[in-house]
Each structure stands twice: as structure tokens, then as C-alpha cells.
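Please read the structure below before turning to the comments.
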Number of protein chains: 2
Amino acid sequence: MKVWATAACCIILSTLSSGVEAQDLKARTQDAAQWAMPGRDYGLTRFSPLDEIKPDNAAKLQVAWTFSVGVDRGQESAPLVVDDTLIVVSPYPNKVFALDATTGELKWTYVPDTERAAQGVACCDVVSRGPAYDEGKVFVATLDNHVVALDFKTGQEIWSTKVGDINRGETITMAPLAVRGKILVGNSGGEMGVRGKLVALDEGSGKVMWTAYSTGPDKDVLIGPDFKPFYDSLKGTDLGVSTWPPDKWRIGGGTIWGWISYDPELNLIYYGTANPGPWNSNQRQGDNLWTTTIFARDPETGQARWAYQVNPHDLWDHDEINENVLVDLTLDGKLRKVLIHPGRNGFMYVIDRATGEVISADAYDTMNAYLGVDLKTGRPTPNEALHPALGKTIENICPAAPGAKDWQPTAWSPRTNLLYVPHQHLCMNFKTAEVGYIAGTPYVGASVDMFAGPGGYRGEFMAWDPVKRTKVWSIKENMPVWSGTLVTAGDVAFYGTMDRLFKAVDARTGQQLWQFRTASGIIGQPSTYKGSDGRQYVAILSGVGGWPGVVANAEVDARVRNAALGFAGATQDLPTYTQGGSTLFVFALPASANAATQPPAGAAPAQP
Amino acid sequence: MKVWATAACCIILSTLSSGVEAQDLKARTQDAAQWAMPGRDYGLTRFSPLDEIKPDNAAKLQVAWTFSVGVDRGQESAPLVVDDTLIVVSPYPNKVFALDATTGELKWTYVPDTERAAQGVACCDVVSRGPAYDEGKVFVATLDNHVVALDFKTGQEIWSTKVGDINRGETITMAPLAVRGKILVGNSGGEMGVRGKLVALDEGSGKVMWTAYSTGPDKDVLIGPDFKPFYDSLKGTDLGVSTWPPDKWRIGGGTIWGWISYDPELNLIYYGTANPGPWNSNQRQGDNLWTTTIFARDPETGQARWAYQVNPHDLWDHDEINENVLVDLTLDGKLRKVLIHPGRNGFMYVIDRATGEVISADAYDTMNAYLGVDLKTGRPTPNEALHPALGKTIENICPAAPGAKDWQPTAWSPRTNLLYVPHQHLCMNFKTAEVGYIAGTPYVGASVDMFAGPGGYRGEFMAWDPVKRTKVWSIKENMPVWSGTLVTAGDVAFYGTMDRLFKAVDARTGQQLWQFRTASGIIGQPSTYKGSDGRQYVAILSGVGGWPGVVANAEVDARVRNAALGFAGATQDLPTYTQGGSTLFVFALPASANAATQPPAGAAPAQP
């Protein structure tokens with residue numbers, strides 16, 4: 001009976017119990033007013049049922065209020081909205097803010113006590129992709145590997161658990177996900193020889209419940225009797241060891257810094273792992289399992305149900321941490337539970353999410369790095385004419401290292417049955433070199449120079465039909481489109497550009513409806529919600545940075561083309577458009593004429 | 001004939017020649033579309049002839065575009081507008097940006113090569129109060145004491161002259177002023193034992209033409225045969241030496257970091273000098289000339305015409321760098337050329353600007369530090385009951401060290417004949433201690449704790465009638481009003497608050513017309529101009545900081561009440577409202593229904 005002796009214990013138990021049912025987030029997803037997780041729902045559709053903003057009125061959008069997070073680095077955090085409260089996270093030092101979602105008044109601020117050295121080991125800016133919410137708590141991962149739980153009402157810290165080590169180059173940039181009483185979060189640092197892992201913490205106590213590594217023996221990867229991969233090449237024992245040169249799996253990457261989706265019916269989570277390390281593939285013969293792999297796991301135990309390796313023996317830093325959007329599609333007359341994975345390698349995958357079978361994989365951008373995907377083996381066919389050779393510069397490889405799409409999340413509309421895809425359009429020259437491993441330092445072994453792909457543009461926002469397997473419309477952008485997107489029941493999609501524009505487009509036609517010139521370039525994730533005044537709002541952080549933007553917000557010399565792991569070459573002109581920034585913009589249509597939008601007048605009679 | 005041998009020489013000569021007539025800035029002041037110097041005109045009225053925005057439509061103001069200057073520190077720079085180009089300066093490292101004033105597109109960026117150590121000797125944040133413009137050049141002073149001239153069209157550096165030494169604690173924060181072919185700029189660092197000076201540089205070449213010190217022998221202060229002070233106590237030889245203990249004038253402050261006005265008819269410039277150093281007055285017996293002094297000088301030679309010391313032997317850090325607004329008033333039936341000086345000591349001075357005679361001096365905020373100003377001697381009467389005593393805490397002195405008003409500039413409307421005054425309402429406890437001088441380190445000798453004045457509010461925006469010598473209306477603000485203001489021919493005044501609101505008020509009644517929640521607190525200076533589309537725009541930087549705001553934007557612990565030279569105590573709660581910020585906001589009324597405000601649609605047909 002001792003465990004009942006303190007209130008703290010009771011709270012933990014009660015949270016665990018309701019968390020298992022996932023009732024809170026389920027209800028909030030069904031409430032059109034809220035945006036309670038970065039992907040809005042467990043399927044990561046980023047689709048909002050709100051429809052006040054439509055193609056015929058979007059041109060009237062105005063700025064409703066703004067807020068500075070006080071740190072001029074890359075702003076990739078999703079603004080969440082729960083019960084009329086907007087929650088957002090700054091880049092390092094990962095300050096957390098709660099604001100009145102309608103007025104923008106600051107409710108509370110949480111400033112974690114972080115280790116500064118974390119900044120020095122983050123490969124590609126010191127970003128955070130956002131908070132999580134569940135059952136009265138806000139969860140945030142800090143760059144220095146702490147996962148913290150805060151009281152939603154007050155911002156008071158409830159627990160803090162350290163799950164990684166900056167001295168080994170480990171950081172966290174992803175938004176955690178709350179699933180059935182657990183907080184799931186992975187690590188970053190694939191360019192530092194970090195061994196990737198996904199960690200599940202108990203929501204109530206912060207205790208680590210399970211850890212699933214991306215490399216190494218099956219017991220570390222949580223591969224057991226339930227594991228049923230679709231493809232034969234993925235069957236076997238301890239493939240996370242045997243597909244590497246001896247012991248290289250220990251420093252082999254496969255980090256997890258993107259997105260996790262969840263199917264409550266199948267009770268499976270889905271996520272992808274990052275590139276193997278180092279980038280110099282000559283140093284790691286073999287398939288390098290389980291890097292660049294999509295895993296399906298049971299969230300209770302972490303045990304793997306199936307896996308699919310997207311890029312065996314990755315040659316080009318083609319991480320596959322990109323989102324897996326869960327939708328049900330009628331294919332060949334049959335309704336199938338699938339996930340859509342817009343691959344970093346440039347293929348748009350449609351995969352059976354119960355089995356891991358690749359149903360289709362079509363190139364959605366310029367591609368010469370691969371010749372196609374063999375649906376019998378599930379393996380892409382590398383273009384041998386472009387194979388890396390030590391010390392030799394291989395020219396004009398497409399897509400470049402960041403892939404056709406990187407972390408920036410797509411959106412899915414059940415009204416149009418289209419996937420809205422923000423992405424880059426870059427090619428590269430790539431030269432490998434031997435590199436030694438020193439813990440906590442870069443472990444890359446490649447020099448990269450990126451540039452615009454054919455046509456001279458560097459980004460695109462497009463709509464993709466996964467049934468017809470084709471692009472439906474396309475907007476070319478001068479800069480890589482590094483922002484996320486959302487789509488609404490009003491059939492409007494939103495996205496931002498690195499040259500300071502936030503845009504609304506008609507989700508059916510791609511016609512631009514409106515744009516606004518924000519303070520800095522946009523690489524954030526929009527969200528939309530209903531305010532306490534009943535109006536629809538759209539929120540986005542403006543502040544360029546991230547991998548493509550450090551030339552504008554940090555002390556990276558844009559003249560050095562292979563700086564920033566090669567991205568500097570592709571965005572050398574970014575400082576001619578923008579500086580770094582720190583501002584959350586919230587937009588809405590004008591209040592109706594009879595609405596009381598004016599504050600009480602502040603004028604007082606003169607004092608004698 | 002050698003001097004004609006290069007094009008550079010010809011440009012210099014031509015600039016000098018036209019600068020003497022001051023035709024360029026005169027014409028731009030007469031053009032309602034422009035805002036070519038921080039004070040808009042040489043009289044520092046900050047009055048714009050534009051009248052599109054009026055009390056009956058101001059409620060419809062919207063954000064037109066925004067821009068991040070990329071540095072989240074105190075934003076005090078005035079946005080200038082010249083020929084449809086908006087120019088603004090960031091806090092250290094003092095980046096300069098030129099933007100299309102109508103669309104917000106970035107035209108050019110200039111990043112000076114600055115000495116980082118300058119940040120360490122700036123007493124009160126690393127602010128810049130703005131650029132200057134004249135004859136095709138932009139002039140900017142950097143925190144590390146460089147004055148640079150840039151080509152207005154390209155941002156290319158034309159010359160750079162170093163005029164101070166950070167190793168002695170010297171910095172520059174003020175906006176330069178262009179007068180008759182010269183760039184005038186003073187130094188900051190009164191809290192580091194810096195000896196104040198005003199420097200005049202040739203606009204064409206950057207050569208120092210004259211330097212007028214604020215302390216020391218007459219030859220250094222540029223006091224000569226033309227010097228005719230109104231009051232007897234200011235007559236004599238080398239008073240800048242004899243009113244100090246031996247040699248203390250060398251480290252005696254009197255820096256010049258506020259505003260310079262200019263009367264082209266009298267051909268006199270006007271500016272005030274800062275406090276004497278150290279704050280501990282026990283260490284500097286005497287009147288400490290020429291600190292806290294208003295000077296009238298010939299801009300050609302720098303020679304002083306008259307001077308008026310506002311606070312002889314200053315006790316409370318009552319700098320008098322505040323602006324001197326040049327207006328002609330009918331007083332006792334006679335039109336007089338006066339300057340209005342809203343004193344930091346809390347008196348509103350009306351002074352004959354030809355002679356230096358104080359016509360009136362009335363308290364405009366709670367005051368117990370002084371009992372009044374003796375108009376016969378021009379000297380304020382200190383309240384002896386509150387005299388500092390070494391090691392003893394003197395309690396509840398009003399106004400506090402930042403005075404009733406600090407640098408934040410007022411505006412004057414020739415339509416209402418009222419002065420619009422943003423200011424603070426603070427009192428303090430003050431304890432002195434002996435302090436030794438070490439070059440480049442703080443030289444203060446006082447511990448200060450500030451708090452809200454009577455009534456519990458900390459700021460006020462008010463209209464003052466200098467003829468009737470009374471407040472006409474008043475708006476109380478929770479926080480110190482540290483932003484500047486402007487007033488227009490539409491009879492609308494604008495100001496910002498440290499708790500993130502930008503406000504429009506009826507200039508005649510003080511009735512609030514509109515407010516917008518900006519990203520960060522506002523301590524900047526608004527400007528207004530006409531865009532190339534014919535609409536009236538209002539621009540303001542949002543980013544809290546400065547002396548009262550370092551608790552929100554820098555690593556100052558707000559719990560330590562006497563941190564930030566005592567201001568932390570008065571603004572401890574600032575972080576509950578705002579973080580630092582870096583965003584320029586530009587507002588306008590909605591474009592008329594038939595105006596083409598939509599960009600060309602960016603959608604392109606799908607690529608096969």
C-alpha cells in the first residue's frame with residue numbers, strides 16, 4: 001500500500017491508466033478547434049476540418065498577432081493549440097511558451113537549464129521541431145538530450161529525464177509523440193557517429209520504458225518473435241551486426257529525428273531511421289541495417305513488427321526519417337491500409353502498413369542517383385555510373401544529400417485525396433575521403449557541393465495523387481521549400497518560403513490565393529485552429545535557419561560552397577533575402593463588422 | 001591640379017559643396033512621402049504632413065510587411081525612408097539594411113567588421129538609434145566607434161573613420177546627424193569614466209573636422225570669443241576644469257548619445273550632455289561643467305555660442321541628452337524662437353534658443369528630488385532632505401536615475417501645438433560608495449533599486465501644452481514607455497509599449513484608436529511615409545531591450561533588483577510579457593477595393 005502514500009504516485013498511476021486509452025489526444029483530434037500534436041493527428045495528415053478560410057476569401061487574411069521566441073535561429077517548431085492555449089518551442093536553449101491563442105498574451109515561459117556545448121555538436125542548426133501534449137502535460141525534448149514534462153496550466157516542470165550524451169555528439173531536435181501513456185523520442189547526430197535509437201518514457205514518471213536501437217544485435221533493436229518483414233533480405237538474425245564491417249554498427253548512425261505516426265487500430269507506430277555513418281560508404285561495406293529503414297513497432301513493448309530498408313548501403317546521405325502518412329486508399333478496387341512515405345531518395349512510396357510491402361514507388365523529382373525500385377525485392381537500383389569512388393568528385397547527382405524532400409512535413413486532404421509536398425530540387429557533386437572516428441566530432445568523410453536542379457529552381461510545392469501515381473499541380477520556388485504545410489476543409493493549403501513569404505494556395509488547383517512578407521525566411525510548420533472568438537487562425541514561425549539556412553543566421557561563410565555539409569553552395573544568396581528571425585505570426589480573416597475587436601481605450605483624464 | 005586627378009576627389013568636393021547648402025535634407029523634409037532623418041526634420045518635431053490615417057479609420061490598420069534584422073537585442077533604430085527605400089540599423093553588430101519601403105523586399109545589406117569586445121563595455125544593451133542620410137549616402141555609427149558612409153544605392157562602403165576607443169569604455173549608440181556637409185556624432189560610456197565629446201566628420205571624406213569635448217579646458221570644449229551664456233555662473237575661463245576636483249574632468253562623463261537639433265536660420269546646433277561620472281557625487285565636488293548641459297554651437301566650427309547646465313553637480317544620474325525640440329511659440333504676446341527640452345530631471349524646459357535663457361521649467365511627473373528651478377540663476381533647487389550620503393541608502397527619490405524621461409523622443413504637432421511625451425514614472429532608493437577608476441570598466445559608485453512611482457504605474461504617454469505649461473491628456477502604462485513617438489497631420493500619434501503593443505491615439509484627445517500585439521516589446525522610434533503605391537505606411541521596430549529591457553533579452557538575472565544599474569528592480573516582470581525580438585513592422589490601411597494588391601499567382605502547370 002506504500003505506493004499510494006504520496007499524491008505524486010497517484011497522479012502517475014492515473015495518467016498511465018488514461019494514457020493507455022489515448023482518449024485525450026483522440027478527442028482533441030476530433031475537435032476542429034485544436035491542433036494538439038505537430039501532425040495534428042496520429043496519421044500525420046496535417047488536415048484541419050476548419051473551413052472558414054476558403055479560396056474566395058483567403059486574399060483577405062491579415063496578421064492577428066505576433067510573438068518573438070527571442071532566439072534568432074532556425075524556427076522549425078510546430079505551434080500546438082490545446083484549449084485556447086498556443087504552445088511553441090524556441091531553438092536552443094529550447095524555451096517553451098504558452099500564449100493565449102486568440103490574443104497572443106503570454107501565459108507562461110519555461111526556460112530549461114541546458115548544456116551550452118550541445119550547440120557545438122548539432123550538425124545543422126539548433127532547431128526544435130516542437131512540443132507534444134497529452135493529459136494536462138506538455139512534453140519537450142531539449143537539444144542537450146533531456147525530455148521534460150511540464151504542467152500545461154503553469155509551465156512548472158514535473159519531471160526531466162536525460163536520454164543521451166552530448167559528449168558522444170548526441171542531440172535531440174525532433175518533436176516527441178505521446179502514445180498510450182508513453183512519450184516517444186529519438187536522437188540526432190548521424191554526422192557524429194551517433195548510434196540511433198528510439199526511447200519510450202512513461203508519461204507520468206519520465207522513466208525509460210524501452211529503447212530500440214537502429215543498429216546492433218536483435219535484442220538491442222527489439223527484434224523478436226513478432227518480427228515479420230515482407231522482404232527476404234530483411235529476414236535473419238542480428239542483421240544489424242552482420243551487415244556492417246566489424247563493430248562499425250556501434251558508430252553507424254541510423255538516428256531518429258523525424259516523425260512518428262501511429263495506427264491505433266493496428267496498434268503500431270511507424271518511423272524512419274537516418275543515414276548510416278560515415279557518409280563515405282567505402283568505410284561501411286554491407287547493407288548497414290537498420291539505417292534508412294521504416295520500422296513498424298508495438299508502442300507498448302517497442303518490439304518490431306516489420307521493417308523495410310529504403311536505401312540499403314546508402315551512398316548519398318539519403319536519410320529516411322521523413323514522415324509516414326497513414327491513409328486508406330482504394331488500389332486496384334481494394335481498400336488498403338497504407339502509409340505514404342515521400343522518400344528522401346526521391347521516390348514516393350506507398351506501402352502496406354500492416355505488412356511492409358511496397359505497393360508503388362515513383363520518382364517525384366529529378367533523379368539519376370537511382371534507376372527505379374524493384375518491387376520484388378523492395379530495393380532501389382543504384383545508378384552504377386555514379387557510384388562514389390574514394391577521392392574522386394562524382395558530378396551532378398540528383399537528388400542531392402538532403403534528398404528530394406527532407407524533414408519538412410507533407411499534408412494529406414481526405415477531400416482531394418492529394419498529398420501536398422513541400423520539397424527541394426537540388427543536385428550535387430560528391431567527393432568521398434577516409435575519415436577517422438573521434439567521439440563527439442564530425443564523422444562524415446565527404447565533401448559536397450549542392451546546386452539547383454534542372455530548370456534552375458531550387459524548390460517546389462506540389463500536389464501528388466498516390467493512386468494515379470502522378471503530380472497534379474506544381475509551384476516552382478526559387479529557394480528550397482523547407483517549411484511544412486497543412487491543408488484544410490476549406491481546400492486551402494499553406495506553406496512558407498525561405499525568401500520570406502507565407503502563402504495560401506487553392507488545394508485543388510495550386511492557384512496562389514494570398515501571400516504575406518514575413519520577418520524572416522520560413523522553415524517552420526503551420527498549424528490552424530479556432531480561437532475563443534470563433535475565428536479560424538493560422539500560425540507559423542518565421543526564422544530562417546536549419547540545414548539550408550545557417551548561412552543566413554549563423555557564422556557560416558556562404559562563400560565556402562561546401563560549408564554546412566554542402567548546403568552553403570545551394571543557398572549562397574540567402575542573405576540577400578533574409579536574416580535569421582524569431583517571430584511567430586498568427587493570421588486570420590478580418591473580424592466581422594459587428595465584432596468587438598477594439599480593446600478598451602487606454603486614455604485616462606489628465607492628472608492635475 | 002593634382003587633387004583633381006581622381007574621380008574620388010571630385011565626388012568629395014561636390015558633396016562638400018552641396019552639403020553646405022543642406023538642400024538635400026531640406027527638400028526631403030518638405031516631401032511628405034519621406035522620413036529622411038530620425039527626427040524627420042532638423043527641429044526634431046517628428047511631425048509628418050501625411051493625413052491618410054485619421055482617427056476615424058486608424059482602427060483598420062493592418063500589418064503590410066515585416067522584416068527581421070536578425071539580432072534579438074534592444075531595437076531603438078529609427079527606420080528612415082528616402083526615395084521609396086527604407087533604411088534601418090540592427091543592434092550590435094550594427095548591420096544596415098535597405099528595403100523597398102512599399103513591398104519590404106531587401107535591396108542590400110551592409111555588415112560592418114566590428115570588434116566584439118564593444119559589447120562588453122556598453123552599459124545598457126548594444127543598441128543603435130539609427131542611421132543618417134544625406135546626398136546619396138547613408139551614415140551609420142557602430143558600437144565600436146566607427147562612423148561609416150555607404151552608397152545609398154548599393155550599400156558599398158565609401159569611408160570608415162574610427163572616432164573612439166573601446167578599451168577606454170567608449171562606444172557609440174546615437175544616430176548621427178548630417179548638417180551642412182558634416183556628420184555629427186557623439187560618444188557613449190558615461191558609466192565607464194569616458195570623457196564626452198561631439199565629433200564632426202566631413203561627409204565626403206570622413207575626415208574629422210572638429211571635436212568638442214564636454215569637460216576640460218575651453219580650447220577642448222571649443223569655448224571661445226563667440227561664447228555668450230545667459231547665466232553668470234556659466235561665465236569664466238576653463239570652467240570645465242575648475243568645477244572639478246583636480247584632473248577628475250578627464251574621466252568625468254558628459255557623453256553625448258542622444259539627439260542633435262539644428263536651426264538653419266540661426267545656424268546653430270543644439271544637444272545635451274550626459275551625467276558626470278561617477279554617479280557617486282561625493283567623488284566630484286563642484287558643478288562638474290559641462291556635464292548635463294545643453295550646448296548651442298556653430299556647426300561649421302563647433303564653437304559654442306551658449307550653454308545651459310541643467311543639473312549642476314548632478315546627484316542622480318540625470319543625464320540631459322534628451323532632445324531639444326525647436327518650435328516658435330507665442331509667449332506673453334511675443335513670438336519667440338524656443339527649444340523645448342523635456343528634462344530627464346523631470347522639468348519641462350522652454351528655453352530661448354538664441355540666448356539660452358530658461359523661460360519656464362515645470363515638473364511633468366512626480367518629483368521630490370528637486371524643489372523647483374530658480375529662473376534667475378537657471379539652477380534647480382535640490383531637495384537637501386534627500387542628499388546622498390556615502391554608504392547610506394536614500395529612499396524613495398523621484399524621478400529615478402533614468403529620469404522622468406530618457407532618450408525616447410517626443411513629437412510636436414504644429415496643428416495641436418502640443419508635445420507628445422512618452423516617459424517613465426519611477427522612483428528609486430540610491431546608495432553611494434567610493435569607486436576607483438580602471439580604464440574600460442564600470443565607474444559608477446552607486447547601487448540603485450528602482451520601482452513604480454505613486455499610483456503603481458511605471459509609464460505614461462501624455463500631451464503637454466508648453467504655453468499653458470500643463471498636461472492636456474495622459475495615458476497611464478504598466479511599463480515604462482521607452483519607445484519614441486510621432487504625430488501626423490491626420491492628428492494621430494503612435495507609440496509602443498514594452499509589453500508588446502503598438503498603439504495609435506487621437507492626438508487631440510488621447511483616445512486610443514487601435515493597438516496591435518507585436519512580436520516583442522517596443523522601445524523603437526516610429527516613422528511614417530508614403531509608399532510608391534501612394535498609401536501611408538507606419539514603421540516601428542519591435543524588440544525589447546535597452547536599459548529597462550536587458551532583463552528580457554540578455555543574461556541579466558531579473559531577480560537581482562540592482563542589476564542593470566538598478567533597472568532590473570523596476571522591470572522584473574518583463575519576461576512574463578516578452579522576449580527580445582528583431583522585427584520591423586510596417587502598417588497601413590487596407591488597400592482600396594480596386595487596388596491590385598495580389599501578386600501574380602505562382603502556380604504553374606504540373607510538370608510531366
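Each chain of the C-alpha cells is named A, B, ... in the order shown, its residues numbered from 1; ligands are numbered from 1 in display order.
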Please provide the set of residues having any atom within 6 Å of range 420-437 of chain A, restricted to only C-alpha atoms, with same-chain residues fewer than 6 positions apart removed, written as an NGL selection string. :A and (280 or 390-400 or 404-405 or 410-411 or 443 or 445-453 or 458-463 or 480-481)
Could you give me, as CSV, every chain B residue with an atom at most 7 Å from chain A, plus its closest atom pair and distance in Å to one decimal, counting only C-alpha atoms, rows ordered by chain then number?
```
residue,atom,partner,partner_atom,distance
B:Gln62,CA,A:Gln62,CA,6.8
B:Val63,CA,A:Val63,CA,6.1
B:Trp65,CA,A:Arg517,CA,5.2
B:Thr66,CA,A:Ala519,CA,4.5
B:Phe67,CA,A:Ala519,CA,3.6
B:Ser68,CA,A:Ala519,CA,4.5
B:Val69,CA,A:Gln579,CA,6.2
B:Gly70,CA,A:Gly580,CA,4.7
B:Val71,CA,A:Asp72,CA,6.6
B:Asp72,CA,A:Gly70,CA,6.1
B:Leu106,CA,A:Tyr577,CA,5.7
B:Trp108,CA,A:Thr576,CA,6.7
B:Lys471,CA,A:Ala606,CA,6.4
B:Val472,CA,A:Ala606,CA,5.8
B:Trp473,CA,A:Ala606,CA,4.2
B:Ser474,CA,A:Ala606,CA,5.0
B:Ile475,CA,A:Ala603,CA,4.7
B:Gly510,CA,A:Ala603,CA,5.5
B:Gln511,CA,A:Ala603,CA,5.1
B:Gln512,CA,A:Ala601,CA,4.8
B:Trp514,CA,A:Gln598,CA,6.7
B:Phe516,CA,A:Trp65,CA,6.8
B:Arg517,CA,A:Trp65,CA,5.2
B:Thr518,CA,A:Thr66,CA,5.2
B:Ala519,CA,A:Phe67,CA,3.6
B:Ser520,CA,A:Ser68,CA,5.5
B:Thr576,CA,A:Trp108,CA,6.7
B:Tyr577,CA,A:Leu106,CA,5.7
B:Gln579,CA,A:Gly70,CA,4.9
B:Gly580,CA,A:Gly70,CA,4.7
B:Gly581,CA,A:Ser68,CA,5.4
B:Ser582,CA,A:Gly581,CA,6.8
B:Thr583,CA,A:Ala519,CA,6.1
B:Gln598,CA,A:Trp514,CA,6.7
B:Ala601,CA,A:Gln512,CA,4.8
B:Gly602,CA,A:Gln512,CA,5.7
B:Ala603,CA,A:Ile475,CA,4.7
B:Ala604,CA,A:Ile475,CA,5.4
B:Pro605,CA,A:Trp473,CA,5.8
B:Ala606,CA,A:Trp473,CA,4.2
```
Using DSSP on the backbone coordinates, identify all residues within range 257-387 of chain A classified as helix (DSSP H, G or I); present the result as a PDB file with C-alpha atoms, in the first residue's frame.
```
ATOM      1  CA  SER A 281      30.173   4.441 -47.977  1.00  0.00           C
ATOM      2  CA  ASN A 282      33.549   2.853 -48.721  1.00  0.00           C
ATOM      3  CA  GLN A 283      34.103   2.601 -44.959  1.00  0.00           C
ATOM      4  CA  GLU A 384      26.374   2.419 -61.063  1.00  0.00           C
ATOM      5  CA  ALA A 385      27.672   5.119 -63.429  1.00  0.00           C
ATOM      6  CA  LEU A 386      27.528   7.497 -60.488  1.00  0.00           C
TER       7      LEU A 386
END
```
CA of Asp83 in chain A to CA of Ser48 in chain A, distance in Å rounded to a single decimal: 15.8 Å
Distance of CA of Thr102 in chain B from CA of Gln536 in chain A, expressed in Å to one decimal place: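 That distance, rounded to one decimal, is 28.1 Å.
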Could you write out, as a PyMOL selection string, all the residues of range 248-456 of chain B that DSSP marks as strand (DSSP E or B)? chain B and resi 253+260-263+268-272+276+293-297+304-309+325-331+334-342+347-352+358-363+370-374+379-382+393-397+411-413+418-424+426-432+446-452
Neighbours of range 292-306 of chain B within 6 Å (only C-alpha atoms; same-chain residues fewer than 3 positions away dropped), as a PyMOL selection string? chain B and resi 222-223+226-229+268-275+309-311+319-320
Okay, now the selection with C-alpha atoms, as a short mmCIF file (atom, residue, chain, number, x, y, z; two decimals), in the first residue's frame?
```
data_model
loop_
_atom_site.label_atom_id
_atom_site.label_comp_id
_atom_site.auth_asym_id
_atom_site.auth_seq_id
_atom_site.Cartn_x
_atom_site.Cartn_y
_atom_site.Cartn_z
CA LEU B 222 35.50 74.82 -28.19
CA ILE B 223 34.61 77.76 -26.00
CA ASP B 226 31.64 83.77 -29.51
CA PHE B 227 30.54 82.07 -26.27
CA LYS B 228 27.75 84.08 -24.57
CA PRO B 229 25.97 82.02 -21.90
CA LEU B 268 23.15 76.66 -34.52
CA ILE B 269 23.04 73.03 -33.44
CA TYR B 270 21.65 72.03 -30.04
CA TYR B 271 22.39 68.98 -27.94
CA GLY B 272 22.63 67.94 -24.31
CA THR B 273 25.46 66.21 -22.48
CA ALA B 274 25.13 63.26 -20.11
CA ASN B 275 25.70 62.82 -16.41
CA GLN B 309 23.81 73.44 -17.35
CA VAL B 310 20.62 71.67 -16.38
CA ASN B 311 21.84 69.84 -13.26
CA ASP B 319 21.76 62.92 -17.96
CA GLU B 320 20.40 65.68 -20.11
#
```
Selected residue, from A:Pro49, A:Gly343, A:Pro91, A:Pro312, that lies nearest to Ala122 in chain A when counting only C-alpha atoms: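 With only C-alpha atoms as the atom set, the closest residue is A:Pro91.
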Residues at most 8 Å from range 183-200 of chain B, counting only C-alpha atoms, excluding those fewer than 5 positions away in the same chain, as a PyMOL selection string? chain B and resi 121-123+139+141+145+163-164+168-178+208-215+249-257+273-279+302+437+439-444
Who sits within 10 Å of Glu357 in chain B, only C-alpha atoms, same chain under 6 positions skipped, as a ChimeraX atom specification: /B:229-231,306-308,338,350-351,375-378
d(CA of Arg129 in chain A, CA of Met348 in chain A) in Å: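 That distance, rounded to one decimal, is 23.0 Å.
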Could you give me, as a PyMOL selection string, the residues within 6 Å of range 234-242 of chain B, counting only C-alpha atoms and dropping anything in the same chain fewer than 3 positions from it? chain B and resi 215-218+231+289-290
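Using only C-alpha atoms, the nearest neighbour of Ala369 in chain B within the list B:Ala401, B:Val221, B:Ala354, B:Ala149 is B:Ala401.
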Selection near Gln408 in chain B, 7 Å with only C-alpha atoms, sequence-local residues under 3 positions removed, as a list in words: Pro422, Trp482, Ser483 and Gly484 of chain B
